[in-house]
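Pasting query-v7.txt here (compact mmCIF, N, CA and C atoms):
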# COMPACT_ATOMS: atom_id res chain seq x y z
N ASN A 1 -24.07 13.84 10.25
CA ASN A 1 -23.13 12.83 9.80
C ASN A 1 -21.73 13.35 9.99
N SER A 2 -20.95 12.65 10.79
CA SER A 2 -19.60 13.11 11.13
C SER A 2 -18.59 12.80 10.03
N GLY A 3 -18.95 11.97 9.06
CA GLY A 3 -18.02 11.63 7.99
C GLY A 3 -17.02 10.56 8.37
N ASN A 4 -17.16 9.96 9.56
CA ASN A 4 -16.24 8.91 9.98
C ASN A 4 -16.63 7.59 9.34
N TYR A 5 -15.63 6.79 9.06
CA TYR A 5 -15.86 5.48 8.47
C TYR A 5 -16.51 4.56 9.48
N LEU A 6 -15.88 4.37 10.63
CA LEU A 6 -16.44 3.54 11.69
C LEU A 6 -16.17 4.23 13.02
N GLU A 7 -17.11 4.08 13.94
CA GLU A 7 -16.97 4.68 15.26
C GLU A 7 -17.79 3.87 16.25
N VAL A 8 -17.68 4.22 17.53
CA VAL A 8 -18.44 3.52 18.56
C VAL A 8 -19.90 3.49 18.14
N GLY A 9 -20.49 2.31 18.21
CA GLY A 9 -21.88 2.12 17.81
C GLY A 9 -22.03 1.50 16.43
N SER A 10 -20.97 1.58 15.62
CA SER A 10 -21.03 0.95 14.29
C SER A 10 -21.08 -0.56 14.46
N GLU A 11 -21.72 -1.23 13.50
CA GLU A 11 -21.84 -2.68 13.55
C GLU A 11 -21.71 -3.24 12.15
N GLY A 12 -21.36 -4.51 12.06
CA GLY A 12 -21.37 -5.19 10.78
C GLY A 12 -20.03 -5.77 10.38
N GLU A 13 -19.99 -6.24 9.14
CA GLU A 13 -18.81 -6.94 8.62
C GLU A 13 -17.59 -6.04 8.55
N ASP A 14 -17.76 -4.76 8.26
CA ASP A 14 -16.61 -3.85 8.24
C ASP A 14 -15.94 -3.77 9.60
N VAL A 15 -16.73 -3.75 10.65
CA VAL A 15 -16.18 -3.73 12.00
C VAL A 15 -15.50 -5.07 12.31
N ALA A 16 -16.11 -6.18 11.90
CA ALA A 16 -15.50 -7.49 12.12
C ALA A 16 -14.15 -7.59 11.40
N GLN A 17 -14.06 -7.04 10.17
CA GLN A 17 -12.79 -7.05 9.46
C GLN A 17 -11.75 -6.20 10.19
N LEU A 18 -12.16 -5.05 10.69
CA LEU A 18 -11.27 -4.22 11.50
C LEU A 18 -10.75 -5.01 12.69
N GLN A 19 -11.63 -5.71 13.37
CA GLN A 19 -11.23 -6.50 14.54
C GLN A 19 -10.27 -7.63 14.14
N ARG A 20 -10.52 -8.29 13.00
CA ARG A 20 -9.61 -9.33 12.51
C ARG A 20 -8.24 -8.73 12.23
N ASP A 21 -8.23 -7.56 11.58
CA ASP A 21 -6.96 -6.91 11.25
C ASP A 21 -6.20 -6.49 12.50
N LEU A 22 -6.91 -5.99 13.49
CA LEU A 22 -6.26 -5.63 14.76
C LEU A 22 -5.61 -6.85 15.38
N ASN A 23 -6.34 -7.97 15.42
CA ASN A 23 -5.78 -9.21 15.97
C ASN A 23 -4.59 -9.69 15.15
N PHE A 24 -4.71 -9.68 13.83
CA PHE A 24 -3.66 -10.16 12.94
C PHE A 24 -2.37 -9.37 13.14
N CYS A 25 -2.50 -8.07 13.37
CA CYS A 25 -1.33 -7.20 13.53
C CYS A 25 -0.77 -7.21 14.96
N GLY A 26 -1.41 -7.94 15.85
CA GLY A 26 -0.89 -8.09 17.20
C GLY A 26 -1.38 -7.07 18.21
N TYR A 27 -2.36 -6.27 17.84
CA TYR A 27 -2.91 -5.32 18.80
C TYR A 27 -3.76 -6.07 19.82
N ARG A 28 -3.87 -5.51 21.02
CA ARG A 28 -4.68 -6.09 22.09
C ARG A 28 -5.57 -5.01 22.69
N ASP A 29 -6.63 -5.47 23.37
CA ASP A 29 -7.52 -4.51 24.01
C ASP A 29 -6.88 -3.98 25.29
N GLN A 30 -7.59 -3.13 26.00
CA GLN A 30 -7.05 -2.48 27.18
C GLN A 30 -6.70 -3.46 28.29
N ASP A 31 -7.21 -4.70 28.22
CA ASP A 31 -6.90 -5.72 29.22
C ASP A 31 -5.88 -6.73 28.71
N GLY A 32 -5.33 -6.48 27.53
CA GLY A 32 -4.33 -7.38 26.97
C GLY A 32 -4.89 -8.58 26.24
N ASN A 33 -6.18 -8.56 25.93
CA ASN A 33 -6.84 -9.68 25.26
C ASN A 33 -7.00 -9.41 23.77
N ARG A 34 -7.15 -10.51 23.02
CA ARG A 34 -7.50 -10.38 21.61
C ARG A 34 -8.88 -9.72 21.49
N PHE A 35 -9.12 -9.10 20.37
CA PHE A 35 -10.42 -8.49 20.12
C PHE A 35 -11.42 -9.56 19.73
N VAL A 36 -12.61 -9.47 20.28
CA VAL A 36 -13.69 -10.37 19.88
C VAL A 36 -14.14 -9.90 18.51
N GLU A 37 -14.14 -10.79 17.54
CA GLU A 37 -14.50 -10.45 16.16
C GLU A 37 -16.00 -10.58 15.96
N ASP A 38 -16.73 -9.70 16.65
CA ASP A 38 -18.19 -9.80 16.68
C ASP A 38 -18.89 -8.73 15.85
N GLY A 39 -18.13 -7.84 15.21
CA GLY A 39 -18.74 -6.81 14.39
C GLY A 39 -19.39 -5.69 15.17
N ASP A 40 -19.08 -5.57 16.45
CA ASP A 40 -19.65 -4.52 17.30
C ASP A 40 -18.53 -3.58 17.74
N PHE A 41 -18.58 -2.33 17.29
CA PHE A 41 -17.55 -1.34 17.60
C PHE A 41 -17.87 -0.74 18.97
N GLY A 42 -17.27 -1.33 20.00
CA GLY A 42 -17.46 -0.84 21.35
C GLY A 42 -16.17 -0.27 21.90
N ALA A 43 -16.08 -0.21 23.22
CA ALA A 43 -14.93 0.41 23.89
C ALA A 43 -13.61 -0.30 23.55
N ALA A 44 -13.63 -1.62 23.48
CA ALA A 44 -12.39 -2.35 23.19
C ALA A 44 -11.89 -2.04 21.78
N THR A 45 -12.79 -2.04 20.82
CA THR A 45 -12.39 -1.74 19.44
C THR A 45 -11.91 -0.30 19.33
N LYS A 46 -12.56 0.61 20.02
CA LYS A 46 -12.11 2.00 20.03
C LYS A 46 -10.69 2.08 20.56
N TYR A 47 -10.40 1.37 21.62
CA TYR A 47 -9.06 1.35 22.19
C TYR A 47 -8.05 0.82 21.16
N GLY A 48 -8.43 -0.23 20.45
CA GLY A 48 -7.55 -0.77 19.40
C GLY A 48 -7.26 0.24 18.31
N VAL A 49 -8.29 0.96 17.91
CA VAL A 49 -8.11 2.00 16.89
C VAL A 49 -7.18 3.09 17.42
N GLU A 50 -7.34 3.45 18.69
CA GLU A 50 -6.45 4.45 19.28
C GLU A 50 -5.00 3.97 19.27
N CYS A 51 -4.78 2.67 19.51
CA CYS A 51 -3.43 2.11 19.48
C CYS A 51 -2.84 2.21 18.07
N VAL A 52 -3.64 1.90 17.06
CA VAL A 52 -3.19 2.03 15.67
C VAL A 52 -2.83 3.49 15.39
N GLN A 53 -3.68 4.38 15.83
CA GLN A 53 -3.44 5.80 15.58
C GLN A 53 -2.16 6.28 16.27
N ARG A 54 -1.91 5.82 17.49
CA ARG A 54 -0.67 6.20 18.18
C ARG A 54 0.54 5.64 17.44
N PHE A 55 0.47 4.37 17.08
CA PHE A 55 1.59 3.70 16.42
C PHE A 55 1.96 4.40 15.11
N HIS A 56 0.95 4.84 14.39
CA HIS A 56 1.18 5.46 13.08
C HIS A 56 1.22 7.00 13.16
N ARG A 57 1.25 7.53 14.38
CA ARG A 57 1.35 8.97 14.61
C ARG A 57 0.22 9.76 13.93
N LEU A 58 -0.98 9.24 14.10
CA LEU A 58 -2.18 9.92 13.59
C LEU A 58 -2.87 10.64 14.74
N THR A 59 -3.86 11.43 14.42
CA THR A 59 -4.69 12.03 15.46
C THR A 59 -5.39 10.91 16.21
N VAL A 60 -5.26 10.90 17.52
CA VAL A 60 -5.84 9.82 18.34
C VAL A 60 -7.23 10.25 18.80
N ASP A 61 -8.23 9.71 18.10
CA ASP A 61 -9.62 10.03 18.44
C ASP A 61 -10.50 8.78 18.53
N GLY A 62 -9.93 7.59 18.23
CA GLY A 62 -10.70 6.36 18.32
C GLY A 62 -11.71 6.16 17.22
N GLU A 63 -11.73 7.06 16.24
CA GLU A 63 -12.65 6.94 15.11
C GLU A 63 -11.87 6.41 13.92
N TYR A 64 -12.41 5.38 13.29
CA TYR A 64 -11.71 4.68 12.22
C TYR A 64 -12.05 5.30 10.87
N GLY A 65 -11.29 6.33 10.52
CA GLY A 65 -11.48 7.02 9.26
C GLY A 65 -10.46 6.59 8.23
N CYS A 66 -10.35 7.37 7.18
CA CYS A 66 -9.51 7.03 6.03
C CYS A 66 -8.04 6.82 6.43
N ASP A 67 -7.46 7.74 7.20
CA ASP A 67 -6.05 7.62 7.57
C ASP A 67 -5.78 6.38 8.41
N SER A 68 -6.67 6.08 9.34
CA SER A 68 -6.52 4.89 10.17
C SER A 68 -6.65 3.63 9.32
N ASP A 69 -7.60 3.63 8.40
CA ASP A 69 -7.82 2.49 7.53
C ASP A 69 -6.60 2.22 6.65
N ILE A 70 -6.08 3.26 6.04
CA ILE A 70 -4.90 3.10 5.18
C ILE A 70 -3.71 2.60 5.99
N SER A 71 -3.52 3.16 7.17
CA SER A 71 -2.38 2.75 8.01
C SER A 71 -2.48 1.29 8.42
N LEU A 72 -3.65 0.86 8.85
CA LEU A 72 -3.81 -0.53 9.28
C LEU A 72 -3.71 -1.48 8.08
N MET A 73 -4.29 -1.10 6.95
CA MET A 73 -4.19 -1.94 5.75
C MET A 73 -2.73 -2.09 5.31
N CYS A 74 -1.96 -1.02 5.39
CA CYS A 74 -0.53 -1.09 5.03
C CYS A 74 0.22 -1.99 6.00
N GLU A 75 -0.15 -1.95 7.27
CA GLU A 75 0.49 -2.81 8.27
C GLU A 75 0.18 -4.28 7.98
N VAL A 76 -1.07 -4.59 7.66
CA VAL A 76 -1.44 -5.95 7.28
C VAL A 76 -0.66 -6.37 6.04
N ALA A 77 -0.61 -5.50 5.04
CA ALA A 77 0.10 -5.80 3.79
C ALA A 77 1.58 -6.03 4.04
N ASP A 78 2.19 -5.29 4.94
CA ASP A 78 3.60 -5.51 5.27
C ASP A 78 3.82 -6.91 5.82
N ILE A 79 2.92 -7.36 6.67
CA ILE A 79 3.02 -8.72 7.23
C ILE A 79 2.82 -9.74 6.11
N GLN A 80 1.83 -9.51 5.27
CA GLN A 80 1.58 -10.43 4.15
C GLN A 80 2.79 -10.50 3.22
N ARG A 81 3.41 -9.35 2.91
CA ARG A 81 4.61 -9.34 2.05
C ARG A 81 5.75 -10.12 2.70
N ALA A 82 5.92 -9.95 4.00
CA ALA A 82 6.96 -10.69 4.71
C ALA A 82 6.71 -12.19 4.63
N LEU A 83 5.45 -12.59 4.75
CA LEU A 83 5.12 -14.01 4.62
C LEU A 83 5.42 -14.51 3.21
N VAL A 84 5.12 -13.72 2.20
CA VAL A 84 5.45 -14.08 0.82
C VAL A 84 6.96 -14.25 0.67
N GLU A 85 7.72 -13.34 1.26
CA GLU A 85 9.18 -13.42 1.20
C GLU A 85 9.71 -14.67 1.89
N HIS A 86 8.93 -15.22 2.81
CA HIS A 86 9.30 -16.47 3.49
C HIS A 86 8.69 -17.69 2.80
N GLY A 87 8.19 -17.51 1.59
CA GLY A 87 7.76 -18.64 0.78
C GLY A 87 6.28 -18.96 0.77
N TYR A 88 5.48 -18.15 1.40
CA TYR A 88 4.04 -18.42 1.43
C TYR A 88 3.37 -17.80 0.21
N ASN A 89 2.52 -18.57 -0.43
CA ASN A 89 1.80 -18.12 -1.62
C ASN A 89 0.45 -17.56 -1.20
N ILE A 90 0.46 -16.31 -0.76
CA ILE A 90 -0.77 -15.67 -0.32
C ILE A 90 -0.95 -14.35 -1.07
N THR A 91 -2.16 -13.86 -1.05
CA THR A 91 -2.49 -12.58 -1.67
C THR A 91 -2.11 -11.45 -0.72
N VAL A 92 -1.41 -10.46 -1.25
CA VAL A 92 -1.09 -9.26 -0.48
C VAL A 92 -2.14 -8.21 -0.83
N ASP A 93 -3.13 -8.09 0.07
CA ASP A 93 -4.25 -7.19 -0.21
C ASP A 93 -4.58 -6.25 0.94
N GLY A 94 -3.84 -6.34 2.04
CA GLY A 94 -4.07 -5.44 3.15
C GLY A 94 -5.26 -5.80 4.02
N ALA A 95 -5.84 -6.98 3.82
CA ALA A 95 -6.96 -7.43 4.65
C ALA A 95 -6.67 -8.86 5.10
N SER A 96 -6.61 -9.05 6.40
CA SER A 96 -6.35 -10.39 6.90
C SER A 96 -7.59 -11.26 6.71
N GLY A 97 -7.34 -12.51 6.41
CA GLY A 97 -8.41 -13.48 6.23
C GLY A 97 -7.86 -14.86 6.52
N GLN A 98 -8.61 -15.87 6.14
CA GLN A 98 -8.20 -17.24 6.44
C GLN A 98 -6.86 -17.60 5.81
N GLU A 99 -6.64 -17.19 4.56
CA GLU A 99 -5.39 -17.50 3.87
C GLU A 99 -4.19 -16.91 4.62
N SER A 100 -4.28 -15.64 4.98
CA SER A 100 -3.18 -14.98 5.70
C SER A 100 -3.00 -15.59 7.08
N CYS A 101 -4.09 -15.88 7.75
CA CYS A 101 -4.02 -16.46 9.09
C CYS A 101 -3.38 -17.85 9.05
N ARG A 102 -3.76 -18.67 8.07
CA ARG A 102 -3.15 -20.01 7.95
C ARG A 102 -1.65 -19.88 7.72
N ALA A 103 -1.24 -18.96 6.85
CA ALA A 103 0.18 -18.77 6.57
C ALA A 103 0.91 -18.30 7.83
N LEU A 104 0.34 -17.34 8.54
CA LEU A 104 0.99 -16.84 9.75
C LEU A 104 1.07 -17.93 10.81
N ASN A 105 0.01 -18.69 10.98
CA ASN A 105 0.04 -19.79 11.95
C ASN A 105 1.11 -20.81 11.59
N ASP A 106 1.22 -21.15 10.31
CA ASP A 106 2.25 -22.11 9.87
C ASP A 106 3.65 -21.54 10.14
N PHE A 107 3.85 -20.27 9.81
CA PHE A 107 5.14 -19.62 10.07
C PHE A 107 5.47 -19.68 11.56
N GLN A 108 4.49 -19.37 12.40
CA GLN A 108 4.71 -19.40 13.84
C GLN A 108 5.05 -20.81 14.31
N LEU A 109 4.33 -21.80 13.82
CA LEU A 109 4.58 -23.19 14.19
C LEU A 109 6.00 -23.61 13.80
N ARG A 110 6.41 -23.28 12.59
CA ARG A 110 7.73 -23.67 12.08
C ARG A 110 8.88 -22.94 12.78
N ASN A 111 8.55 -21.84 13.45
CA ASN A 111 9.59 -21.04 14.09
C ASN A 111 9.51 -21.05 15.61
N GLY A 112 8.76 -22.00 16.16
CA GLY A 112 8.70 -22.17 17.61
C GLY A 112 8.03 -21.02 18.34
N LEU A 113 7.10 -20.36 17.67
CA LEU A 113 6.38 -19.24 18.26
C LEU A 113 4.98 -19.67 18.67
N GLU A 114 4.36 -18.87 19.52
CA GLU A 114 2.97 -19.14 19.87
C GLU A 114 2.12 -19.03 18.60
N VAL A 115 1.33 -20.08 18.35
CA VAL A 115 0.49 -20.12 17.15
C VAL A 115 -0.86 -19.49 17.50
N ASP A 116 -1.03 -18.23 17.05
CA ASP A 116 -2.23 -17.51 17.44
C ASP A 116 -2.75 -16.55 16.36
N CYS A 117 -2.21 -16.65 15.14
CA CYS A 117 -2.63 -15.76 14.05
C CYS A 117 -2.55 -14.31 14.47
N SER A 118 -1.50 -13.98 15.19
CA SER A 118 -1.30 -12.62 15.67
C SER A 118 0.18 -12.28 15.53
N CYS A 119 0.47 -11.24 14.79
CA CYS A 119 1.85 -10.87 14.50
C CYS A 119 2.37 -9.91 15.56
N GLY A 120 2.63 -10.47 16.73
CA GLY A 120 3.19 -9.67 17.83
C GLY A 120 4.69 -9.47 17.64
N ASP A 121 5.33 -8.95 18.66
CA ASP A 121 6.74 -8.59 18.57
C ASP A 121 7.65 -9.75 18.19
N ALA A 122 7.46 -10.91 18.81
CA ALA A 122 8.33 -12.06 18.51
C ALA A 122 8.16 -12.53 17.07
N THR A 123 6.93 -12.57 16.60
CA THR A 123 6.67 -12.99 15.22
C THR A 123 7.23 -11.96 14.25
N ARG A 124 7.03 -10.69 14.54
CA ARG A 124 7.58 -9.63 13.68
C ARG A 124 9.10 -9.75 13.58
N ALA A 125 9.74 -10.02 14.70
CA ALA A 125 11.20 -10.16 14.69
C ALA A 125 11.64 -11.32 13.79
N LYS A 126 10.97 -12.46 13.91
CA LYS A 126 11.30 -13.63 13.07
C LYS A 126 11.02 -13.36 11.60
N LEU A 127 9.98 -12.56 11.31
CA LEU A 127 9.66 -12.21 9.94
C LEU A 127 10.61 -11.15 9.39
N GLY A 128 11.31 -10.47 10.29
CA GLY A 128 12.21 -9.41 9.86
C GLY A 128 11.53 -8.08 9.61
N ILE A 129 10.41 -7.84 10.31
CA ILE A 129 9.71 -6.55 10.16
C ILE A 129 9.58 -5.87 11.51

The structure in this file should be written as structure tokens.
Amino acid sequence: NSGNYLEVGSEGEDVAQLQRDLNFCGYRDQDGNRFVEDGDFGAATKYGVECVQRFHRLTVDGEYGCDSDISLMCEVADIQRALVEHGYNITVDGASGQESCRALNDFQLRNGLEVDCSCGDATRAKLGI
């Protein structure tokens, strides 16, 4: 047992939540596509984890352990807090879900942005983060 939280070969709802969070924060796979939220930790999800690790200056190993989890959850929470500051009544819990996605989509629609439940560079700029 390597002690890793999630790694290539992992499956299930925890992986699907990771994939949702990657999409919500604007990360893309190696081909520039959104992550398929299928609960299967394969090469694309590993690449996404590596992107999170690079962004947060963590050890880049593609394994989703405690430091990667905390960093991504804080990133989600930062987006949620920004949405709250813009008047959205959502829970700031560090996990993207339907409530956060609806708020982000509404914010994007009201600000002339692509409506995709993904907080990319343009959306981050409008949110002020």

Exercise for the section: Work out how far apart CA of Val8 in chain A and CA of Asp61 in chain A are and give it in Å to one decimal. Expected result: 11.0 Å

Handout entry: atom C of Asn111 in chain A to atom C of Ala125 in chain A, straight-line distance in Å
Key =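 Atom C of Ala125 in chain A sits 10.1 Å away from atom C of Asn111 in chain A.
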
Residue neighbourhood Cys74 in chain A, 8 Å, only N, CA and C atoms, exclusion window fewer than 4 positions, as a tab-separated table (two decimals) with N, CA and C atoms, in the frame of the given file:
chain	number	residue	atom	x	y	z
A	68	SER	N	-6.67	6.08	9.34
A	68	SER	CA	-6.52	4.89	10.17
A	68	SER	C	-6.65	3.63	9.32
A	69	ASP	N	-7.60	3.63	8.40
A	69	ASP	CA	-7.82	2.49	7.53
A	69	ASP	C	-6.60	2.22	6.65
A	70	ILE	N	-6.08	3.26	6.04
A	70	ILE	CA	-4.90	3.10	5.18
A	70	ILE	C	-3.71	2.60	5.99
A	78	ASP	N	2.19	-5.29	4.94
A	78	ASP	CA	3.60	-5.51	5.27
A	78	ASP	C	3.82	-6.91	5.82
A	79	ILE	N	2.92	-7.36	6.67
A	79	ILE	CA	3.02	-8.72	7.23
A	79	ILE	C	2.82	-9.74	6.11
A	80	GLN	N	1.83	-9.51	5.27
A	80	GLN	CA	1.58	-10.43	4.15
A	80	GLN	C	2.79	-10.50	3.22
A	93	ASP	N	-3.13	-8.09	0.07
A	93	ASP	CA	-4.25	-7.19	-0.21
A	93	ASP	C	-4.58	-6.25	0.94
A	94	GLY	N	-3.84	-6.34	2.04
A	94	GLY	CA	-4.07	-5.44	3.15
A	94	GLY	C	-5.26	-5.80	4.02
A	95	ALA	N	-5.84	-6.98	3.82
A	95	ALA	CA	-6.96	-7.43	4.65
A	95	ALA	C	-6.67	-8.86	5.10

Exercise for the section: Could you please give me, as a VMD selection string, the residues of protein, DNA or RNA lying at most 5 Å from (-11.7, -3.0, 15.1) in the coordinate frame of the file, considering all atoms listed in the file? Expected result: chain A and resid 18 to 19 45

Practice task
Would you please work out which residue, of A:Gly120, A:Gly87, A:Gly39, A:Gly9, is nearest to Gly26 in chain A when using only C-alpha atoms?
Solution key: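 Smallest separation from Gly26 in chain A among the options: A:Gly120.
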